[in-house]
Each structure stands twice: as structure tokens, then as C-alpha cells.
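Asker: Next up, data.csv (CSV, C-alpha atoms).
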chain,number,residue,atom,x,y,z
A,1,MET,CA,-17.8,-38.7,-24.8
A,2,LEU,CA,-20.0,-36.8,-22.4
A,3,LYS,CA,-16.9,-35.5,-20.6
A,4,GLN,CA,-15.4,-34.2,-23.9
A,5,ILE,CA,-18.7,-32.4,-24.8
A,6,LEU,CA,-18.8,-30.7,-21.3
A,7,GLU,CA,-15.2,-29.7,-21.6
A,8,SER,CA,-15.8,-28.1,-25.0
A,9,ILE,CA,-18.8,-26.2,-23.6
A,10,LEU,CA,-17.1,-25.0,-20.4
A,11,SER,CA,-13.6,-24.4,-21.9
A,12,PRO,CA,-14.3,-20.6,-22.5
A,13,TYR,CA,-14.8,-20.3,-18.7
A,14,PHE,CA,-11.4,-21.8,-17.7
A,15,ASP,CA,-7.7,-21.2,-18.3
A,16,ASP,CA,-4.5,-22.3,-16.6
A,17,ASP,CA,-5.8,-20.9,-13.4
A,18,PRO,CA,-8.3,-23.4,-11.7
A,19,GLU,CA,-10.7,-20.6,-11.0
A,20,GLN,CA,-13.8,-20.6,-13.2
A,21,TRP,CA,-14.6,-17.5,-15.2
A,22,LEU,CA,-17.9,-15.8,-14.6
A,23,PRO,CA,-20.1,-15.5,-17.7
A,24,ILE,CA,-21.2,-11.9,-17.9
A,25,ASP,CA,-23.8,-10.7,-20.3
A,26,THR,CA,-23.5,-6.9,-20.5
A,27,SER,CA,-27.0,-6.5,-21.7
A,28,GLY,CA,-28.1,-7.3,-18.2
A,29,THR,CA,-30.7,-9.8,-19.4
A,30,GLN,CA,-29.0,-13.2,-18.6
A,31,PHE,CA,-26.4,-12.4,-16.0
A,32,SER,CA,-27.8,-13.9,-12.8
A,33,GLU,CA,-27.4,-12.4,-9.4
A,34,LEU,CA,-25.3,-15.2,-7.9
A,35,PRO,CA,-22.3,-14.8,-10.2
A,36,LEU,CA,-22.4,-11.1,-9.6
A,37,ALA,CA,-22.3,-11.7,-5.8
A,38,GLU,CA,-19.4,-14.0,-6.2
A,39,LEU,CA,-17.5,-11.4,-8.3
A,40,ARG,CA,-18.1,-8.8,-5.6
A,41,ARG,CA,-16.8,-11.3,-3.0
A,42,GLN,CA,-13.6,-11.9,-4.9
A,43,CYS,CA,-12.9,-8.2,-5.4
A,44,ARG,CA,-13.7,-7.5,-1.7
A,45,ASP,CA,-11.2,-10.2,-0.7
A,46,LEU,CA,-8.6,-8.5,-2.9
A,47,VAL,CA,-9.2,-5.0,-1.4
A,48,GLN,CA,-9.1,-6.5,2.1
A,49,ASN,CA,-5.9,-8.6,1.7
A,50,ASN,CA,-3.9,-7.8,-1.5
A,51,GLU,CA,-1.4,-5.0,-0.8
A,52,PHE,CA,-1.4,-3.7,-4.4
A,53,ALA,CA,-5.2,-3.5,-4.6
A,54,ILE,CA,-5.3,-1.7,-1.2
A,55,ASN,CA,-2.7,0.8,-2.5
A,56,ALA,CA,-4.6,1.4,-5.7
A,57,ILE,CA,-7.9,2.1,-3.9
A,58,GLU,CA,-6.3,4.4,-1.3
A,59,ASN,CA,-4.5,6.4,-4.0
A,60,ARG,CA,-7.8,6.8,-6.0
A,61,ILE,CA,-9.4,8.1,-2.8
A,62,ASN,CA,-6.5,10.4,-2.2
A,63,PHE,CA,-6.6,12.1,-5.6
A,64,VAL,CA,-10.4,12.0,-6.3
A,65,ILE,CA,-11.5,13.0,-2.8
A,66,GLY,CA,-8.4,14.5,-1.3
A,67,ASN,CA,-9.3,16.8,1.6
A,68,GLY,CA,-12.9,16.8,0.5
A,69,HIS,CA,-15.1,18.6,-2.0
A,70,LYS,CA,-16.3,22.1,-1.0
A,71,TYR,CA,-20.0,23.0,-1.5
A,72,HIS,CA,-21.2,26.6,-1.9
A,73,ALA,CA,-24.6,28.3,-2.2
A,74,VAL,CA,-24.0,31.1,-4.6
A,75,PRO,CA,-26.7,33.9,-5.0
A,76,ARG,CA,-27.9,34.5,-8.5
A,77,THR,CA,-28.2,38.2,-7.7
A,78,ASP,CA,-27.1,40.5,-4.9
A,79,ALA,CA,-30.7,40.6,-3.6
A,80,ASP,CA,-30.5,36.8,-3.0
A,81,SER,CA,-27.4,36.9,-0.7
A,82,VAL,CA,-29.5,36.4,2.5
A,83,ILE,CA,-31.2,33.3,1.3
A,84,ALA,CA,-27.9,32.0,0.0
A,85,GLU,CA,-26.4,32.4,3.5
A,86,LYS,CA,-29.3,30.4,5.0
A,87,THR,CA,-28.9,27.7,2.3
A,88,GLN,CA,-25.2,27.6,3.0
A,89,ALA,CA,-25.9,27.1,6.7
A,90,VAL,CA,-28.2,24.1,5.8
A,91,LEU,CA,-25.4,22.6,3.7
A,92,ASP,CA,-22.8,23.1,6.4
A,93,ASP,CA,-25.0,21.6,9.0
A,94,PHE,CA,-25.6,18.5,6.9
A,95,ILE,CA,-22.0,18.1,6.0
A,96,GLY,CA,-21.0,18.4,9.6
A,97,LYS,CA,-23.6,16.0,11.0
A,98,THR,CA,-23.1,13.3,8.4
A,99,HIS,CA,-19.2,13.6,8.3
A,100,TRP,CA,-19.6,14.0,4.6
A,101,HIS,CA,-15.9,13.9,3.9
A,102,ARG,CA,-15.7,10.4,5.4
A,103,CYS,CA,-18.8,9.5,3.5
A,104,GLN,CA,-17.2,10.6,0.3
A,105,GLN,CA,-14.2,8.4,1.0
A,106,GLU,CA,-16.4,5.4,1.7
A,107,ILE,CA,-18.5,6.1,-1.5
A,108,MET,CA,-15.3,6.0,-3.5
A,109,ARG,CA,-14.1,2.8,-1.9
A,110,ARG,CA,-17.4,1.0,-2.3
A,111,ARG,CA,-17.8,2.2,-5.9
A,112,ASP,CA,-14.4,0.7,-6.9
A,113,ARG,CA,-14.6,-2.4,-4.7
A,114,ASP,CA,-18.3,-3.4,-5.4
A,115,GLY,CA,-18.9,-1.5,-8.7
A,116,GLU,CA,-21.8,0.3,-7.1
A,117,VAL,CA,-23.0,2.3,-4.1
A,118,PHE,CA,-26.5,2.4,-2.6
A,119,LEU,CA,-27.4,5.4,-0.4
A,120,ARG,CA,-30.7,5.5,1.4
A,121,PHE,CA,-32.1,8.8,2.7
A,122,PHE,CA,-34.3,9.4,5.7
A,123,SER,CA,-35.9,12.7,6.6
A,124,GLY,CA,-37.4,13.8,10.0
A,125,ASN,CA,-40.0,16.3,10.8
A,126,ASP,CA,-37.4,19.0,11.3
A,127,GLY,CA,-36.2,18.5,7.7
A,128,ASP,CA,-32.9,17.0,8.6
A,129,THR,CA,-31.6,14.4,6.2
A,130,LEU,CA,-29.9,11.2,7.3
A,131,VAL,CA,-27.8,9.1,4.9
A,132,ARG,CA,-27.2,5.4,5.3
A,133,PHE,CA,-25.2,2.9,3.2
A,134,VAL,CA,-27.0,-0.2,1.9
A,135,GLU,CA,-24.9,-3.3,1.2
A,136,PRO,CA,-25.2,-4.6,-2.4
A,137,ASP,CA,-26.1,-8.1,-1.2
A,138,GLN,CA,-29.2,-6.6,0.5
A,139,VAL,CA,-30.6,-5.6,-2.9
A,140,GLN,CA,-32.2,-8.7,-4.3
A,141,THR,CA,-35.4,-9.5,-6.2
A,142,PRO,CA,-38.0,-11.5,-4.2
A,143,PRO,CA,-38.2,-15.1,-5.5
A,144,GLU,CA,-41.8,-14.6,-6.7
A,145,LEU,CA,-40.7,-11.8,-9.1
A,146,GLU,CA,-37.5,-13.3,-10.5
A,147,ASP,CA,-39.2,-14.3,-13.8
A,148,ARG,CA,-40.1,-10.7,-14.6
A,149,PRO,CA,-37.3,-9.0,-16.6
A,150,HIS,CA,-38.1,-5.5,-15.3
A,151,CYS,CA,-37.6,-6.7,-11.7
A,152,ARG,CA,-34.2,-8.5,-12.0
A,153,PHE,CA,-31.2,-7.8,-9.9
A,154,GLY,CA,-33.3,-6.2,-7.2
A,155,ILE,CA,-34.0,-3.2,-9.3
A,156,LYS,CA,-37.5,-2.4,-10.6
A,157,THR,CA,-37.8,-0.4,-13.8
A,158,LEU,CA,-40.6,0.3,-16.3
A,159,PRO,CA,-41.3,-2.8,-18.4
A,160,ASN,CA,-40.2,-1.1,-21.6
A,161,ASP,CA,-37.6,1.3,-20.2
A,162,VAL,CA,-34.7,-0.2,-18.2
A,163,GLU,CA,-33.3,3.3,-17.6
A,164,HIS,CA,-36.4,4.5,-15.8
A,165,VAL,CA,-35.9,3.1,-12.2
A,166,GLU,CA,-39.0,2.9,-9.9
A,167,GLY,CA,-37.2,1.5,-6.9
A,168,CYS,CA,-35.5,-1.5,-5.5
A,169,TRP,CA,-36.0,-4.3,-2.9
A,170,ILE,CA,-33.9,-4.0,0.2
A,171,ASP,CA,-34.1,-7.1,2.4
A,172,GLY,CA,-37.3,-8.0,0.7
A,173,GLN,CA,-38.9,-4.5,1.2
A,174,PHE,CA,-39.6,-2.3,-1.8
A,175,VAL,CA,-38.1,1.2,-1.5
A,176,GLU,CA,-39.1,3.9,-4.0
A,177,ASP,CA,-36.4,5.5,-6.1
A,178,SER,CA,-37.1,8.9,-4.3
A,179,GLN,CA,-35.6,7.4,-1.1
A,180,ILE,CA,-32.4,5.9,-2.5
A,181,GLN,CA,-29.5,6.8,-4.8
A,182,HIS,CA,-27.8,4.1,-6.8
A,183,ARG,CA,-24.3,5.0,-8.1
A,184,LYS,CA,-23.0,2.3,-10.5
A,185,ALA,CA,-19.7,2.0,-12.3
A,186,ASN,CA,-18.0,0.2,-15.2
A,187,VAL,CA,-21.2,-0.7,-17.0
A,188,ASP,CA,-23.5,0.9,-19.6
A,189,THR,CA,-26.5,2.9,-18.6
A,190,ASN,CA,-29.0,0.2,-19.4
A,191,VAL,CA,-27.2,-2.4,-17.1
A,192,LYS,CA,-28.9,-2.5,-13.8
A,193,ARG,CA,-25.9,-3.2,-11.6
A,194,GLY,CA,-22.3,-2.2,-11.6
A,195,LEU,CA,-19.1,-4.2,-11.9
A,196,PRO,CA,-16.0,-3.9,-9.5
A,197,ILE,CA,-13.1,-2.1,-11.0
A,198,PHE,CA,-10.7,-5.0,-10.5
A,199,THR,CA,-12.9,-7.4,-12.5
A,200,PRO,CA,-10.5,-7.8,-15.5
A,201,VAL,CA,-7.3,-7.8,-13.4
A,202,ARG,CA,-8.1,-9.8,-10.3
A,203,LYS,CA,-6.0,-12.7,-11.5
A,204,ASN,CA,-3.1,-10.3,-12.2
A,205,LEU,CA,-3.4,-9.0,-8.6
A,206,ARG,CA,-3.3,-12.6,-7.3
A,207,ARG,CA,-0.3,-13.5,-9.5
A,208,ALA,CA,1.6,-10.4,-8.4
A,209,GLU,CA,1.0,-11.2,-4.8
A,210,LYS,CA,2.1,-14.9,-5.2
A,211,LEU,CA,5.1,-13.9,-7.3
A,212,LEU,CA,6.3,-11.5,-4.6
A,213,ARG,CA,5.7,-14.1,-2.0
A,214,ASN,CA,7.6,-16.8,-3.9
A,215,MET,CA,10.5,-14.4,-4.6
A,216,SER,CA,10.8,-13.6,-0.9
A,217,VAL,CA,10.6,-17.3,0.1
A,218,VAL,CA,13.4,-18.3,-2.4
A,219,ALA,CA,15.6,-15.5,-1.1
A,220,GLU,CA,14.9,-16.5,2.5
A,221,ILE,CA,15.9,-20.1,1.8
A,222,GLN,CA,19.0,-19.1,-0.1
A,223,SER,CA,20.2,-16.9,2.8
A,224,ALA,CA,19.2,-19.2,5.6
A,225,ILE,CA,21.9,-21.9,5.0
A,226,ALA,CA,25.4,-20.6,5.1
A,227,LEU,CA,27.4,-23.7,4.0
A,228,ILE,CA,27.5,-27.5,4.1
A,229,ARG,CA,30.4,-28.9,6.0
A,230,LYS,CA,31.5,-32.4,5.0
A,231,HIS,CA,33.4,-34.7,7.5
A,232,GLY,CA,36.1,-36.8,5.9
A,233,THR,CA,36.9,-39.5,8.5
A,234,PRO,CA,33.9,-40.0,10.7
A,235,SER,CA,31.4,-42.7,9.7
A,236,GLY,CA,27.9,-42.0,8.6
A,237,GLU,CA,26.5,-43.4,11.8
A,238,SER,CA,28.5,-41.0,14.0
A,239,ILE,CA,27.3,-38.1,11.9
A,240,ARG,CA,23.7,-39.3,12.3
A,241,ARG,CA,24.2,-39.5,16.0
A,242,TYR,CA,25.6,-36.0,16.0
A,243,VAL,CA,22.7,-34.6,14.0
A,244,GLN,CA,20.2,-36.4,16.2
A,245,SER,CA,21.8,-34.9,19.2
A,246,GLN,CA,21.2,-31.4,17.7
A,247,SER,CA,17.5,-32.1,16.9
A,248,MET,CA,14.4,-32.1,19.1
A,249,GLN,CA,11.6,-34.6,19.3
A,250,THR,CA,8.0,-33.8,18.4
A,251,PRO,CA,4.9,-35.1,20.2
A,252,ASN,CA,4.7,-37.7,17.3
A,253,ASN,CA,8.1,-39.1,18.2
A,254,GLU,CA,9.6,-37.5,15.1
A,255,ASN,CA,13.1,-35.9,15.2
A,256,VAL,CA,13.1,-32.4,13.6
A,257,GLN,CA,15.7,-29.7,13.4
A,258,GLN,CA,15.3,-26.0,12.9
A,259,PHE,CA,17.5,-24.1,10.6
A,260,PRO,CA,18.0,-20.5,11.8
A,261,PRO,CA,19.8,-18.0,9.6
A,262,GLY,CA,23.5,-18.9,9.2
A,263,THR,CA,22.9,-22.7,9.8
A,264,ILE,CA,25.9,-25.0,9.1
A,265,ILE,CA,24.9,-28.5,7.9
A,266,ASP,CA,27.1,-31.5,8.7
A,267,ALA,CA,27.3,-34.4,6.2
A,268,HIS,CA,29.6,-37.4,5.5
A,269,ASN,CA,31.4,-38.2,2.3
A,270,GLY,CA,28.8,-40.6,0.9
A,271,VAL,CA,26.0,-38.0,0.8
A,272,ASP,CA,25.8,-35.3,-1.9
A,273,TYR,CA,23.4,-32.4,-1.2
A,274,GLN,CA,22.0,-30.2,-4.0
A,275,PHE,CA,20.0,-27.0,-3.6
A,276,PRO,CA,17.9,-26.2,-6.7
A,277,VAL,CA,17.1,-22.8,-5.4
A,278,ALA,CA,20.8,-21.9,-5.3
A,279,ALA,CA,20.8,-21.4,-9.1
A,280,ILE,CA,17.7,-19.2,-8.9
A,281,ASP,CA,18.1,-15.5,-9.1
A,282,ALA,CA,15.0,-14.1,-7.5
A,283,GLY,CA,15.8,-10.6,-8.7
A,284,ARG,CA,15.2,-11.7,-12.3
A,285,TYR,CA,11.5,-12.0,-11.5
A,286,VAL,CA,11.2,-8.4,-10.5
A,287,THR,CA,10.8,-7.7,-14.3
A,288,VAL,CA,7.9,-10.1,-14.4
A,289,LEU,CA,6.3,-8.6,-11.3
A,290,GLN,CA,6.6,-5.1,-12.8
A,291,ALA,CA,4.9,-6.3,-16.0
A,292,GLU,CA,1.9,-7.6,-14.0
A,293,LEU,CA,1.7,-4.4,-12.1
A,294,ARG,CA,1.8,-2.3,-15.3
A,295,ALA,CA,-1.1,-4.3,-16.6
A,296,ILE,CA,-3.1,-3.5,-13.4
A,297,ALA,CA,-2.0,0.2,-13.6
A,298,SER,CA,-3.2,0.3,-17.2
A,299,ARG,CA,-6.7,-0.9,-16.2
A,300,LEU,CA,-6.8,1.8,-13.5
A,301,VAL,CA,-5.3,4.5,-15.9
A,302,MET,CA,-2.8,5.3,-13.2
A,303,PRO,CA,1.0,5.7,-13.3
A,304,GLU,CA,2.8,2.6,-12.1
A,305,PHE,CA,4.3,4.4,-9.1
A,306,MET,CA,0.7,5.1,-7.7
A,307,LEU,CA,0.2,1.3,-7.6
A,308,THR,CA,3.7,0.2,-6.4
A,309,SER,CA,4.7,3.3,-4.3
A,310,ASP,CA,8.0,3.1,-6.3
A,311,ALA,CA,8.8,6.5,-7.7
A,312,SER,CA,12.2,5.6,-9.0
A,313,ASN,CA,10.9,5.2,-12.6
A,314,SER,CA,8.5,8.2,-12.6
A,315,ASN,CA,8.4,11.9,-11.9
A,316,TYR,CA,5.3,13.3,-10.1
A,317,ALA,CA,5.5,16.6,-11.9
A,318,SER,CA,5.7,14.9,-15.3
A,319,THR,CA,2.8,12.5,-14.7
A,320,MET,CA,0.4,14.9,-13.0
A,321,ILE,CA,0.3,17.6,-15.6
A,322,ALA,CA,-3.0,18.8,-16.9
A,323,GLU,CA,-2.8,16.8,-20.1
A,324,GLY,CA,-1.7,13.6,-18.4
A,325,PRO,CA,-4.0,10.5,-18.6
A,326,ALA,CA,-4.1,10.1,-14.8
A,327,VAL,CA,-5.2,13.7,-14.3
A,328,ARG,CA,-7.9,13.4,-17.0
A,329,MET,CA,-9.2,10.2,-15.4
A,330,PHE,CA,-9.2,11.7,-11.9
A,331,GLU,CA,-11.0,14.8,-13.1
A,332,ARG,CA,-13.6,12.7,-14.8
A,333,LEU,CA,-14.2,10.7,-11.6
A,334,GLN,CA,-14.4,14.0,-9.6
A,335,TYR,CA,-17.1,15.4,-11.8
A,336,GLU,CA,-19.0,12.2,-11.9
A,337,MET,CA,-19.0,12.3,-8.1
A,338,ILE,CA,-19.9,16.0,-8.1
A,339,GLU,CA,-22.9,15.3,-10.3
A,340,ASP,CA,-24.2,12.6,-7.8
A,341,ASP,CA,-23.3,14.7,-4.8
A,342,LEU,CA,-25.2,17.7,-6.0
A,343,ARG,CA,-28.3,15.6,-6.2
A,344,VAL,CA,-27.8,14.7,-2.6
A,345,MET,CA,-27.3,18.4,-1.6
A,346,ARG,CA,-30.5,19.4,-3.5
A,347,ARG,CA,-32.3,16.6,-1.7
A,348,VAL,CA,-31.1,18.0,1.6
A,349,ILE,CA,-32.4,21.5,0.6
A,350,ARG,CA,-35.7,20.1,-0.6
A,351,ASN,CA,-36.3,18.4,2.7
A,352,LYS,CA,-35.7,21.7,4.5
A,353,ILE,CA,-38.1,23.4,2.1
A,354,HIS,CA,-40.8,20.8,2.9
A,355,ALA,CA,-40.2,21.4,6.6
A,356,GLY,CA,-40.7,25.2,6.1
A,357,HIS,CA,-37.2,26.2,6.9
A,358,LEU,CA,-36.4,27.6,3.4
A,359,PRO,CA,-38.6,29.3,0.8
A,360,GLU,CA,-40.1,27.4,-2.1
A,361,ASP,CA,-38.1,29.4,-4.7
A,362,VAL,CA,-34.6,28.6,-3.3
A,363,PHE,CA,-33.4,27.0,-6.5
A,364,GLN,CA,-34.5,30.0,-8.6
A,365,ARG,CA,-32.4,32.3,-6.3
A,366,VAL,CA,-29.4,30.2,-5.4
A,367,ILE,CA,-27.0,28.0,-7.3
A,368,ILE,CA,-25.3,25.1,-5.6
A,369,GLN,CA,-21.7,24.6,-6.7
A,370,ALA,CA,-19.1,22.0,-5.8
A,371,VAL,CA,-15.3,22.5,-6.0
A,372,PRO,CA,-13.0,19.4,-6.0
A,373,PRO,CA,-9.4,19.5,-4.9
A,374,MET,CA,-6.8,20.6,-7.5
A,375,LEU,CA,-5.1,17.7,-9.3
A,376,ALA,CA,-2.5,19.0,-11.7
A,377,VAL,CA,0.8,20.6,-10.8
A,378,ARG,CA,0.0,24.3,-10.6
A,379,ASP,CA,1.7,27.5,-11.6
A,380,ARG,CA,-0.1,29.9,-9.3
A,381,LEU,CA,1.4,33.1,-10.7
A,382,ASN,CA,0.2,32.4,-14.3
A,383,GLU,CA,-3.1,31.2,-12.9
A,384,ALA,CA,-3.6,34.4,-10.9
A,385,LYS,CA,-2.8,36.5,-14.0
A,386,ALA,CA,-5.3,34.5,-16.1
A,387,ASP,CA,-8.0,34.8,-13.4
A,388,GLU,CA,-7.4,38.6,-13.2
A,389,ILE,CA,-8.0,38.9,-17.0
A,390,LEU,CA,-11.2,36.9,-16.8
A,391,LEU,CA,-12.4,38.9,-13.8
A,392,ASN,CA,-11.7,42.3,-15.4
A,393,HIS,CA,-13.7,41.3,-18.5
A,394,GLY,CA,-16.6,40.1,-16.4
A,395,VAL,CA,-16.3,36.4,-17.5
A,396,ILE,CA,-16.2,35.2,-13.9
A,397,SER,CA,-17.6,36.7,-10.7
A,398,PRO,CA,-15.5,37.5,-7.6
A,399,GLN,CA,-17.4,34.7,-5.7
A,400,THR,CA,-16.4,32.2,-8.4
A,401,LEU,CA,-12.8,33.4,-8.3
A,402,ALA,CA,-12.7,33.1,-4.5
A,403,MET,CA,-13.8,29.5,-4.7
Spit out the file's structure as C-alpha cells when you get a sec.

Answerer:
Amino acid sequence: MLKQILESILSPYFDDDPEQWLPIDTSGTQFSELPLAELRRQCRDLVQNNEFAINAIENRINFVIGNGHKYHAVPRTDADSVIAEKTQAVLDDFIGKTHWHRCQQEIMRRRDRDGEVFLRFFSGNDGDTLVRFVEPDQVQTPPELEDRPHCRFGIKTLPNDVEHVEGCWIDGQFVEDSQIQHRKANVDTNVKRGLPIFTPVRKNLRRAEKLLRNMSVVAEIQSAIALIRKHGTPSGESIRRYVQSQSMQTPNNENVQQFPPGTIIDAHNGVDYQFPVAAIDAGRYVTVLQAELRAIASRLVMPEFMLTSDASNSNYASTMIAEGPAVRMFERLQYEMIEDDLRVMRRVIRNKIHAGHLPEDVFQRVIIQAVPPMLAVRDRLNEAKADEILLNHGVISPQTLAM
């Protein structure tokens, strides 16, 4: 009776797969840190070992980051051009010293893989800014504060405002929000921690990988044995002696025989060999595999060929048009990253201001702009004509057009 009660309670967390589902409360009030850590571990394992997950992550980096976002200090007036040049020099120095393009790639990878990214900032007396990544598992609430709702998940907020973050605990040490940037994904604003992008399709990724493996194994077995040759007159004992002479002995005194490709098996009349895999057409399962991969691609809002590297069913020019879903998704991700990156660049400039290398009114005299790589298939001639019209009517400046 007790077993039936437990099964009825736990049944929502299981299906045909033996893996237990993780109960997630999107309100962020009852979802404990341990299931979240296990979810990150599963998705990290996929990104490390599953070929389809790796391809998806790399393609998202290729399109969202590309050859890197460009950052420009644009003067508000012609009189501010000198201060804009000094500000640009500060940005270029920071981008060069921190290898910011590589940082962007890692930010994108971590954001998708872990559902969140923690960046910690350090500033020296010279105003230089250092950026270091913090692992999500390092951010945990101290045991003595776990019963306080505004301190859960390693994030401290105001007691009555979960969106006002005061800081977090890193390896047990409290770090103020001014020294860290937390980028989270796939959750609402009032949820303290993010969710990995593969959370709803991690089983699809495993099934796709296993299905591909099984298809390959079946094909390998089918092609390994060329034929079975039956001997009409010799006795079974003579056949056994022949087979034994062709085998080798293991350390456990067991006779084994290897079957390289093109193996011919000898048998006598009294034995009938059947090969169940001979009736299996592994190619039929390609359709099933494609269905699994389409489900994964749907979650990522990506064309199937970006997940499989098979362009036979898609045309790049038709999928990467300005109105295409993938382009809209990548553009949205680009501008989310730009919003967070500009906060980093402004922090870099403020540190230089505090060190006395830039004037206090920099942000009143200079605008910091970021330009991501182009996504959609471009018609440069028509774009140039449209830009010329906007420039002649004073809608855009020559500096903006150059960028």
C-alpha cells in the first residue's frame, strides 16, 4: 500500500526513461539549490560529450558573437572629439588586455550551458579593470542563512523586492552587487538563478545520440559477416575442431574468435543460424533521428542544418533573411549581450574616472556604442543607397554610417 502511495506521488517525476525529473518552481521560492546544481551537471555533460549539443552551442557563438562586437566612443559634439579619443583608447586597452572577444565567446557558452554567467570585477590603483569568471557552484547561501527567503540561491535581495539585488555569496564570502555582474537566461526577472538552454530537450539529445550509435552498430554487424558456409559431409565434431583451431584462448581458458570484416562462418548441417539484425534497415531510423533533431532545433529557434551540419534540406540564403526566425532570435541575443556589455564598458570608464585618468563628465560628452556582426544576407548596393538618403537628410551622422 505504501509503495502504491509513493508511486502515485512520484509518478509526475518519472517517465519511460529511468532518470528522475527535477521539480522546478519558477517562482524561485521552493526550488532548492541541489536540483539546480544537478541540472547544470547534466547539461554540462551534454555540452562536453554530445555532438549535437556541441554543434548547437558553437553555432550560436558563431552567429551571436562572430568576429566580435565593436565598441566605439562617439562624441556628442565636435568639441568633444578629444575626450572621445581618450575614452576610445581606454576601451581599446581594456578589450586588448582582457581578450574580450574570447571572453564574449565564453560568456555565450556559459550562458547557454549553465543558464547564467557570473563576472567579478577588480580595479587597481591605476584604474585598470580585471574581469574574472565565477563558477555557478561557487555561489551558494551559507547554511546559517538558508531559512531566509531573500538570501536563497546564494543571492541576497531586499526582503520585499527580489529584483533588487544587494550581492551574493562566493565561496562563503559576501560580494556586493557593485563588484559582480550576473547574467541569467531562460527565466523570469524575479527568479534568482538561470536555467540551461538544454533543460527541456536534454533527453532528446541523449536519445538522438543513442539512436545514431545503435544505427551504426547494427550497420557494422550487418556488414561484418559476409556469409555462412555450411559443410555437407563432415561431422559436427570435425567442424568444432576446425573452429577451435581458428580461435584463440583467453587467460580464463576460454576459446574466443574474432570476426573481422568479411568473416566467413563454417557450420554443419544440424545447426541453423539466424541473424535478427539482417532484417533491420538501419536507414529507416534516419527519419526518427531527424524528428528528434528537429525538436531540439525548435527549442533553440535554429534551422535544422545549424544543428546537424546537413544543408541538403535547407538553403542558407532563405533561412538567414531579415524576417527569418533564426535571424530574429540571434539579433535578440546580440542586443541582450550588448546591453550587458555596455554596462561592463561603462564600469571600465568609471574606474578610470575614479583614478583621475578621465574627466568626471565623460558620459555627458561621449556616447558608448556597440555594433554586432551582421546576420542577415545583405544587399550592399541597396543598403548603401538607403544609407545615403538617411545621411543627406541628417537622420544619421557620418560616424554612425562609418560604423

Asker: For atom CA of Ile61 of chain A and atom CA of Arg109 of chain A, quote the distance in Å rounded to one decimal.

Answerer: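 Interatomic distance here is 7.1 Å.
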
Asker: Calculated over only C-alpha atoms, which of the candidates A:His354, A:Asp387, A:Arg44, A:Ser81 has the smallest distance to Thr199 of chain A?

Answerer: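 Closest residue, counting only C-alpha atoms: A:Arg44.
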
Asker: Would you please work out which residue, of A:Pro75, A:Gly154, A:Gly127, A:Pro159, is nearest to Leu358 of chain A when using all atoms listed in the file?

Answerer: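 For Leu358 of chain A, the nearest of the given residues is A:Gly127.
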
Asker: One decimal, in Å: what's the spacing between atom CA of Cys151 of chain A and atom CA of Pro196 of chain A?

Answerer: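 Here the two named atoms are 21.9 Å from each other.
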
Asker: Could you check how far atom CA of Phe63 of chain A sits from atom CA of Gln181 of chain A, in Å to one decimal?

Answerer: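 Atom-to-atom, atom CA of Phe63 of chain A to atom CA of Gln181 of chain A, that is 23.5 Å.
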